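Input: a single structure, listed below in structure tokens.
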Amino acid sequence: NVALIILNYCSFNDCVTCVDQLLLFESGSHIIIVDNQSPDGSYERLKEKYNAASVDVLQTTENRGYSAGNNFGIQFAVEKYHVDTVGVLNPDVFIPDADLIPELLTKLYSDDSYAIIGACVINASGVYDPNASAWNIPSRRELWRGHCLVKRKKVSPKWSIVAPKLAQVECVAGCFFLAKVAHLSKIGYLDENTFLYNEENILGIKCKQEGFKEVLALDQFYYHNHRKKKELKVSFRKKVQATKNSYLSRRYMCKTYYQSRGLFKLWLAERINRIYLAGAYFKNKLFH
């Protein structure tokens, strides 16, 4: 008994593409769209489009971010449909194969300790990037170094093969995963104290604390389409807001899950980010 949660924010076209593909599979999964207070009329358009379909279209009372929005949909699914498994999908995720979700479910329920399963991500250019599919829980050092835009280093994910074509990882990508409701309930679902960024890291930490495991299906693939976002010219203000949101999430994570160790270095990394972005902005203005 599965519910698939698609959290929408101003992504009407992507959301329709995602949902229409899922409906073609006729899998019997409950599809739940949660609009996170989109100001562009997405909720009304989605409600009208799927009025006669087997899709629930909900809207949050306020936009409190990724975790709160998905929890809203998960709790609705549990209360209305009594599901034992939920899937979380971004609107720009495209599931190419009707067998993908059943295959993931088989692997997820092959071991009681498995709480969450993800699949391999193919980007909009058709490239498979292992680092976009799963990664490590940040160490205290990586907590601040991973936030700094200057000389950022990628850390190869720790994968441990636990079964044929199945690897245990520390964090799977939050754009698409399946999770057992009983395990999510035990860890308190997604932590709603972050608005955006680091949700997967916190989920990985909470699973690890309870002795649960996250796994990655190495033979299952889906598309995560970032092409449109990359083609948009991002303003200086939005770049600053993005690093601010990331900083606030990491600061909360540091205080809550790292006993505040590394807070000063994290604050310093954010100051460096501001200087770096300002320098890049004025350089662009001078030479273009």
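Please note that chains go A, B, ... in the order of the structure tokens, that every chain numbers its residues from 1, and that ligands are numbered from 1 in the order shown.
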
Show me, as a Markdown table, the residues of segment 213-253 of chain A having an atom within 12 Å of segment 102-105 of chain A, each with the closest atom pair and its distance in Å, using only C-alpha atoms.
| residue | atom | partner | partner_atom | distance |
| --- | --- | --- | --- | --- |
| A:Val215 | CA | A:Leu104 | CA | 9.9 |
| A:Leu216 | CA | A:Leu104 | CA | 9.0 |
| A:Ala217 | CA | A:Leu104 | CA | 7.0 |
| A:Leu218 | CA | A:Leu104 | CA | 10.3 |
| A:Asp219 | CA | A:Glu103 | CA | 9.4 |
| A:Gln220 | CA | A:Leu104 | CA | 7.8 |
| A:Phe221 | CA | A:Leu104 | CA | 10.5 |
| A:Tyr222 | CA | A:Leu104 | CA | 11.8 |

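Residues within 12 Å of Ala68 of chain A, counting only C-alpha atoms and excluding same-chain residues fewer than 6 positions away, are A:Leu7, A:Val34, A:Asp35, A:Asn36, A:Gln59, A:Thr60, A:Thr61, A:Glu62, A:Ile74, A:Gln75, A:Gly188, A:Tyr189, A:Leu190, A:Asp191, A:Glu192, A:Asn193, A:Thr194, A:Phe195, A:Leu196, A:Glu199.
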
Inset, instruction - For Ile202 of chain A, work out the shell of residues within 8 Å, counting only C-alpha atoms and skipping chain neighbours fewer than 4 positions away, then give it as a ChimeraX atom specification. - result: /A:191,198,206,253

Excluding same-chain residues fewer than 4 positions from segment 181-184 of chain A, what lies within 9 Å of it counting only C-alpha atoms, as a PDB file with N, CA and C atoms, in the first residue's frame?
ATOM      1  N   ILE A  74       2.612  13.150   3.661  1.00  0.00           N
ATOM      2  CA  ILE A  74       2.785  11.817   4.256  1.00  0.00           C
ATOM      3  C   ILE A  74       1.712  11.554   5.314  1.00  0.00           C
ATOM      4  N   VAL A  78      -1.156   8.623   5.366  1.00  0.00           N
ATOM      5  CA  VAL A  78      -1.273   7.649   6.454  1.00  0.00           C
ATOM      6  C   VAL A  78      -2.677   7.666   7.042  1.00  0.00           C
ATOM      7  N   VAL A  83      -1.355   3.845   4.524  1.00  0.00           N
ATOM      8  CA  VAL A  83      -0.251   3.282   3.749  1.00  0.00           C
ATOM      9  C   VAL A  83       0.876   2.826   4.669  1.00  0.00           C
ATOM     10  N   ASP A  84       1.639   1.846   4.202  1.00  0.00           N
ATOM     11  CA  ASP A  84       2.816   1.408   4.951  1.00  0.00           C
ATOM     12  C   ASP A  84       4.105   1.880   4.286  1.00  0.00           C
ATOM     13  N   THR A  85       3.984   2.446   3.075  1.00  0.00           N
ATOM     14  CA  THR A  85       5.150   2.941   2.359  1.00  0.00           C
ATOM     15  C   THR A  85       4.801   4.261   1.671  1.00  0.00           C
ATOM     16  N   VAL A  86       5.735   5.199   1.718  1.00  0.00           N
ATOM     17  CA  VAL A  86       5.542   6.459   1.011  1.00  0.00           C
ATOM     18  C   VAL A  86       6.724   6.706   0.085  1.00  0.00           C
ATOM     19  N   SER A 113      15.793  -3.872   8.587  1.00  0.00           N
ATOM     20  CA  SER A 113      16.551  -2.684   8.986  1.00  0.00           C
ATOM     21  C   SER A 113      16.562  -1.598   7.913  1.00  0.00           C
ATOM     22  N   TYR A 114      16.147  -1.943   6.691  1.00  0.00           N
ATOM     23  CA  TYR A 114      16.131  -0.942   5.629  1.00  0.00           C
ATOM     24  C   TYR A 114      14.949   0.003   5.844  1.00  0.00           C
ATOM     25  N   ALA A 115      15.240   1.289   5.968  1.00  0.00           N
ATOM     26  CA  ALA A 115      14.183   2.289   6.173  1.00  0.00           C
ATOM     27  C   ALA A 115      13.863   3.050   4.900  1.00  0.00           C
ATOM     28  N   ILE A 116      14.887   3.329   4.114  1.00  0.00           N
ATOM     29  CA  ILE A 116      14.746   4.196   2.939  1.00  0.00           C
ATOM     30  C   ILE A 116      15.537   3.607   1.788  1.00  0.00           C
ATOM     31  N   GLY A 188      10.512  10.286  13.798  1.00  0.00           N
ATOM     32  CA  GLY A 188       9.858  11.589  13.845  1.00  0.00           C
ATOM     33  C   GLY A 188       9.683  12.240  12.492  1.00  0.00           C
ATOM     34  N   TYR A 189       9.633  11.425  11.439  1.00  0.00           N
ATOM     35  CA  TYR A 189       9.466  11.915  10.069  1.00  0.00           C
ATOM     36  C   TYR A 189      10.603  12.884   9.698  1.00  0.00           C
ATOM     37  N   LEU A 190      10.367  13.730   8.721  1.00  0.00           N
ATOM     38  CA  LEU A 190      11.400  14.685   8.314  1.00  0.00           C
ATOM     39  C   LEU A 190      11.456  15.826   9.322  1.00  0.00           C
ATOM     40  N   CYS A 207      18.219   8.207  10.902  1.00  0.00           N
ATOM     41  CA  CYS A 207      18.147   6.769  10.624  1.00  0.00           C
ATOM     42  C   CYS A 207      19.296   6.042  11.323  1.00  0.00           C
ATOM     43  N   GLU A 210      18.867   5.474  15.005  1.00  0.00           N
ATOM     44  CA  GLU A 210      17.909   4.419  15.361  1.00  0.00           C
ATOM     45  C   GLU A 210      18.348   3.038  14.889  1.00  0.00           C
ATOM     46  N   PHE A 212      18.696   2.197  11.752  1.00  0.00           N
ATOM     47  CA  PHE A 212      18.106   1.917  10.447  1.00  0.00           C
ATOM     48  C   PHE A 212      19.128   2.180   9.343  1.00  0.00           C
TER      49      PHE A 212
END

Inset, instruction - Determine which residues of segment 25-170 of chain A DSSP labels as strand (DSSP E or B) from the backbone of this structure, then write them out as an MDAnalysis selection string. - result: chainID A and resid 30:35 55:59 85:89 93:94 114:123 128 134:135 160:163 166:169

Output file for the selection above: N, CA, C and O atoms, as a short mmCIF file (atom, residue, chain, number, x, y, z; two decimals), in the first residue's frame:
data_model
loop_
_atom_site.label_atom_id
_atom_site.label_comp_id
_atom_site.auth_asym_id
_atom_site.auth_seq_id
_atom_site.Cartn_x
_atom_site.Cartn_y
_atom_site.Cartn_z
N HIS A 30 -1.34 5.43 -4.51
CA HIS A 30 -2.05 6.68 -4.28
C HIS A 30 -1.11 7.83 -4.64
O HIS A 30 0.03 7.89 -4.15
N ILE A 31 -1.56 8.73 -5.48
CA ILE A 31 -0.75 9.88 -5.89
C ILE A 31 -1.29 11.12 -5.19
O ILE A 31 -2.48 11.43 -5.30
N ILE A 32 -0.42 11.80 -4.47
CA ILE A 32 -0.83 12.96 -3.69
C ILE A 32 0.06 14.15 -4.05
O ILE A 32 1.28 14.11 -3.85
N ILE A 33 -0.55 15.17 -4.61
CA ILE A 33 0.17 16.41 -4.91
C ILE A 33 -0.04 17.36 -3.75
O ILE A 33 -1.18 17.62 -3.34
N VAL A 34 1.04 17.89 -3.23
CA VAL A 34 0.97 18.90 -2.18
C VAL A 34 1.52 20.20 -2.74
O VAL A 34 2.71 20.29 -3.06
N ASP A 35 0.66 21.18 -2.89
CA ASP A 35 1.12 22.49 -3.33
C ASP A 35 1.54 23.31 -2.12
O ASP A 35 0.77 23.49 -1.18
N VAL A 55 -6.17 11.21 -8.06
CA VAL A 55 -5.07 12.01 -7.51
C VAL A 55 -5.64 12.95 -6.46
O VAL A 55 -6.64 13.64 -6.71
N ASP A 56 -5.02 13.00 -5.30
CA ASP A 56 -5.40 13.99 -4.28
C ASP A 56 -4.54 15.22 -4.48
O ASP A 56 -3.30 15.13 -4.56
N VAL A 57 -5.18 16.38 -4.56
CA VAL A 57 -4.45 17.65 -4.69
C VAL A 57 -4.71 18.47 -3.43
O VAL A 57 -5.85 18.87 -3.15
N LEU A 58 -3.66 18.68 -2.65
CA LEU A 58 -3.76 19.39 -1.38
C LEU A 58 -2.97 20.68 -1.44
O LEU A 58 -2.15 20.88 -2.33
N GLN A 59 -3.20 21.53 -0.46
CA GLN A 59 -2.38 22.75 -0.33
C GLN A 59 -2.08 23.00 1.14
O GLN A 59 -2.97 22.89 1.99
N THR A 85 3.98 2.45 3.07
CA THR A 85 5.15 2.94 2.36
C THR A 85 4.80 4.26 1.67
O THR A 85 3.71 4.40 1.13
N VAL A 86 5.73 5.20 1.72
CA VAL A 86 5.54 6.46 1.01
C VAL A 86 6.72 6.71 0.08
O VAL A 86 7.86 6.31 0.37
N GLY A 87 6.44 7.36 -1.02
CA GLY A 87 7.48 7.82 -1.92
C GLY A 87 7.46 9.32 -1.96
O GLY A 87 6.39 9.94 -1.95
N VAL A 88 8.64 9.93 -1.95
CA VAL A 88 8.77 11.38 -2.04
C VAL A 88 9.40 11.70 -3.40
O VAL A 88 10.46 11.17 -3.72
N LEU A 89 8.73 12.55 -4.19
CA LEU A 89 9.23 12.91 -5.51
C LEU A 89 9.21 14.42 -5.69
O LEU A 89 8.23 15.08 -5.32
N VAL A 93 11.10 15.20 -11.35
CA VAL A 93 11.55 13.81 -11.46
C VAL A 93 10.66 13.09 -12.46
O VAL A 93 9.45 13.25 -12.46
N PHE A 94 11.30 12.29 -13.31
CA PHE A 94 10.57 11.51 -14.31
C PHE A 94 10.90 10.04 -14.11
O PHE A 94 12.06 9.64 -14.20
N TYR A 114 16.15 -1.94 6.69
CA TYR A 114 16.13 -0.94 5.63
C TYR A 114 14.95 0.00 5.84
O TYR A 114 13.80 -0.43 5.89
N ALA A 115 15.24 1.29 5.97
CA ALA A 115 14.18 2.29 6.17
C ALA A 115 13.86 3.05 4.90
O ALA A 115 12.71 3.39 4.64
N ILE A 116 14.89 3.33 4.11
CA ILE A 116 14.75 4.20 2.94
C ILE A 116 15.54 3.61 1.79
O ILE A 116 16.65 3.10 1.98
N ILE A 117 14.97 3.70 0.59
CA ILE A 117 15.68 3.26 -0.61
C ILE A 117 15.60 4.32 -1.69
O ILE A 117 14.56 4.97 -1.86
N GLY A 118 16.71 4.51 -2.40
CA GLY A 118 16.75 5.41 -3.54
C GLY A 118 17.21 4.65 -4.77
O GLY A 118 17.56 3.47 -4.70
N ALA A 119 17.21 5.33 -5.89
CA ALA A 119 17.69 4.76 -7.14
C ALA A 119 18.73 5.70 -7.74
O ALA A 119 19.00 6.78 -7.20
N CYS A 120 19.31 5.30 -8.85
CA CYS A 120 20.39 6.08 -9.47
C CYS A 120 19.82 7.22 -10.32
O CYS A 120 18.88 7.03 -11.08
N VAL A 121 20.44 8.38 -10.18
CA VAL A 121 19.95 9.61 -10.83
C VAL A 121 20.63 9.80 -12.18
O VAL A 121 21.86 9.76 -12.29
N ILE A 122 19.81 10.05 -13.20
CA ILE A 122 20.31 10.48 -14.50
C ILE A 122 19.87 11.94 -14.67
O ILE A 122 18.69 12.26 -14.52
N ASN A 123 20.83 12.82 -14.99
CA ASN A 123 20.48 14.23 -15.10
C ASN A 123 19.87 14.55 -16.47
O ASN A 123 19.71 13.66 -17.32
N TYR A 128 24.71 9.78 -15.86
CA TYR A 128 24.55 9.22 -14.52
C TYR A 128 25.68 9.74 -13.63
O TYR A 128 26.85 9.58 -13.94
N ALA A 134 23.66 9.46 -4.07
CA ALA A 134 23.85 9.19 -2.64
C ALA A 134 25.14 9.84 -2.19
O ALA A 134 26.04 10.07 -3.00
N TRP A 135 25.22 10.16 -0.90
CA TRP A 135 26.43 10.78 -0.37
C TRP A 135 26.55 10.47 1.12
O TRP A 135 25.68 9.83 1.72
N SER A 160 28.57 0.40 0.48
CA SER A 160 28.88 -0.95 0.92
C SER A 160 27.86 -1.90 0.30
O SER A 160 26.65 -1.76 0.54
N ILE A 161 28.31 -2.81 -0.53
CA ILE A 161 27.39 -3.74 -1.19
C ILE A 161 26.83 -4.70 -0.14
O ILE A 161 27.57 -5.42 0.53
N VAL A 162 25.51 -4.72 -0.01
CA VAL A 162 24.86 -5.55 1.00
C VAL A 162 24.05 -6.69 0.38
O VAL A 162 23.63 -7.61 1.07
N ALA A 163 23.80 -6.59 -0.94
CA ALA A 163 23.07 -7.63 -1.67
C ALA A 163 23.35 -7.38 -3.15
O ALA A 163 23.86 -6.33 -3.51
N LEU A 166 22.64 -3.88 -4.79
CA LEU A 166 22.10 -3.06 -3.71
C LEU A 166 23.24 -2.63 -2.80
O LEU A 166 24.02 -3.46 -2.33
N ALA A 167 23.34 -1.31 -2.55
CA ALA A 167 24.41 -0.77 -1.72
C ALA A 167 23.83 -0.04 -0.52
O ALA A 167 22.81 0.66 -0.64
N GLN A 168 24.46 -0.21 0.64
CA GLN A 168 24.10 0.61 1.79
C GLN A 168 24.85 1.93 1.68
O GLN A 168 26.05 1.97 1.42
N VAL A 169 24.12 3.04 1.86
CA VAL A 169 24.70 4.38 1.79
C VAL A 169 24.26 5.16 3.02
O VAL A 169 23.41 4.69 3.78
#

Legend entry - Non-local contacts of Tyr81 of chain A (9 Å; only C-alpha atoms; under 5 positions in same chain excluded) as a VMD selection string: chain A and resid 1 to 3 30 76

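In this structure, atom CA of Asn131 of chain A sits 7.0 Å away from atom CA of Ser156 of chain A.
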
Tell me, as a short mmCIF file (atom, residue, chain, number, x, y, z; two decimals) with all heavy atoms, in the first residue's frame, which residues lie within 8 Å of Arg250 of chain A, counting only C-alpha atoms; anything in the same chain fewer than 2 positions away does not count.
data_model
loop_
_atom_site.label_atom_id
_atom_site.label_comp_id
_atom_site.auth_asym_id
_atom_site.auth_seq_id
_atom_site.Cartn_x
_atom_site.Cartn_y
_atom_site.Cartn_z
N LEU A 143 31.09 19.62 7.43
CA LEU A 143 29.91 20.43 7.70
C LEU A 143 30.14 21.88 7.27
O LEU A 143 29.27 22.50 6.65
CB LEU A 143 29.56 20.38 9.18
CG LEU A 143 28.24 21.02 9.60
CD1 LEU A 143 27.06 20.30 9.00
CD2 LEU A 143 28.12 21.04 11.12
N ASN A 198 19.89 20.24 3.19
CA ASN A 198 20.37 19.37 4.27
C ASN A 198 19.31 18.44 4.85
O ASN A 198 19.55 17.79 5.87
CB ASN A 198 21.02 20.20 5.39
CG ASN A 198 22.29 20.87 4.93
OD1 ASN A 198 23.30 20.21 4.69
ND2 ASN A 198 22.24 22.19 4.79
N SER A 246 21.00 27.69 2.87
CA SER A 246 21.88 26.56 3.16
C SER A 246 22.58 26.74 4.50
O SER A 246 22.71 25.79 5.29
CB SER A 246 22.92 26.41 2.05
OG SER A 246 23.83 25.38 2.34
N TYR A 247 23.03 27.97 4.77
CA TYR A 247 23.71 28.26 6.03
C TYR A 247 22.79 28.06 7.23
O TYR A 247 23.16 27.43 8.22
CB TYR A 247 24.24 29.69 6.02
CG TYR A 247 24.72 30.17 7.38
CD1 TYR A 247 25.84 29.62 7.98
CD2 TYR A 247 24.03 31.17 8.06
CE1 TYR A 247 26.27 30.04 9.23
CE2 TYR A 247 24.46 31.61 9.29
CZ TYR A 247 25.57 31.04 9.89
OH TYR A 247 25.99 31.46 11.12
N LEU A 248 21.57 28.57 7.12
CA LEU A 248 20.62 28.44 8.23
C LEU A 248 20.32 26.97 8.52
O LEU A 248 20.21 26.56 9.68
CB LEU A 248 19.34 29.20 7.91
CG LEU A 248 19.45 30.73 7.86
CD1 LEU A 248 18.14 31.35 7.40
CD2 LEU A 248 19.85 31.29 9.22
N TYR A 252 21.41 25.01 11.99
CA TYR A 252 20.47 24.24 12.81
C TYR A 252 20.97 22.81 12.98
O TYR A 252 20.94 22.25 14.10
CB TYR A 252 19.08 24.23 12.16
CG TYR A 252 18.17 23.19 12.78
CD1 TYR A 252 17.58 23.42 14.02
CD2 TYR A 252 17.96 21.97 12.15
CE1 TYR A 252 16.78 22.45 14.61
CE2 TYR A 252 17.16 20.99 12.73
CZ TYR A 252 16.58 21.24 13.97
OH TYR A 252 15.79 20.28 14.55
N MET A 253 21.42 22.20 11.89
CA MET A 253 21.91 20.83 11.95
C MET A 253 23.11 20.73 12.88
O MET A 253 23.23 19.77 13.65
CB MET A 253 22.28 20.36 10.53
CG MET A 253 22.70 18.91 10.45
SD MET A 253 22.80 18.29 8.75
CE MET A 253 24.14 19.28 8.09
N CYS A 254 24.00 21.72 12.82
CA CYS A 254 25.20 21.73 13.67
C CYS A 254 24.80 21.82 15.15
O CYS A 254 25.32 21.08 15.99
CB CYS A 254 26.09 22.90 13.28
SG CYS A 254 27.66 22.96 14.17
N LEU A 266 31.57 27.39 10.49
CA LEU A 266 30.45 27.45 9.56
C LEU A 266 30.05 28.91 9.32
O LEU A 266 29.79 29.31 8.18
CB LEU A 266 29.27 26.67 10.14
CG LEU A 266 28.01 26.57 9.26
CD1 LEU A 266 28.32 25.92 7.93
CD2 LEU A 266 26.92 25.79 10.00
#

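Among the candidates A:Gly126, A:Gly65, A:Tyr109, A:Ser54, the one nearest to His226 of chain A when counting only C-alpha atoms is A:Gly126.
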
Legend entry - Residue nearest Arg45 of chain A - candidates A:Leu286, A:Ala98, A:Cys15, A:Ala77, atoms counted: only C-alpha atoms: A:Cys15

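Closest approach to Ser249 of chain A among A:Ser235, A:Ser67, A:Thr106, A:Ser139: A:Ser67, based on only C-alpha atoms.
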
Inset, instruction - Any chance you could list, as a ChimeraX atom specification, the residues in segment 49-173 of chain A that come up helix (DSSP H, G or I) when DSSP is run on the backbone? - result: /A:49,66-81,100-108,130-133,140-145

Save out the residues we just selected, C-alpha atoms, as a compact mmCIF listing (two decimals), in the first residue's frame.
# COMPACT_ATOMS: atom_id res chain seq x y z
CA LYS A 49 -6.83 19.12 -14.04
CA TYR A 66 10.58 20.84 1.84
CA SER A 67 10.35 18.80 5.04
CA ALA A 68 7.14 20.34 6.37
CA GLY A 69 5.47 20.14 2.96
CA ASN A 70 6.32 16.47 2.50
CA ASN A 71 5.32 15.62 6.07
CA PHE A 72 1.96 17.24 5.33
CA GLY A 73 1.44 14.86 2.40
CA ILE A 74 2.78 11.82 4.26
CA GLN A 75 0.50 12.36 7.24
CA PHE A 76 -2.49 12.79 4.91
CA ALA A 77 -1.61 9.51 3.17
CA VAL A 78 -1.27 7.65 6.45
CA GLU A 79 -4.55 8.98 7.85
CA LYS A 80 -6.63 8.54 4.68
CA TYR A 81 -5.15 5.45 3.06
CA LEU A 100 10.99 0.78 -11.03
CA ILE A 101 8.80 1.28 -7.96
CA PRO A 102 7.89 -2.44 -7.56
CA GLU A 103 11.59 -3.32 -7.87
CA LEU A 104 12.49 -0.78 -5.21
CA LEU A 105 9.77 -2.09 -2.91
CA THR A 106 11.07 -5.64 -3.22
CA LYS A 107 14.55 -4.51 -2.23
CA LEU A 108 13.29 -2.20 0.53
CA PRO A 130 26.89 8.67 -8.56
CA ASN A 131 27.51 11.72 -6.35
CA ALA A 132 23.98 12.97 -7.10
CA SER A 133 22.40 9.64 -6.14
CA ARG A 140 32.26 18.01 11.49
CA ARG A 141 34.97 19.19 9.10
CA GLU A 142 32.80 18.63 6.03
CA LEU A 143 29.91 20.43 7.70
CA TRP A 144 31.60 23.81 7.18
CA ARG A 145 33.93 22.97 4.28
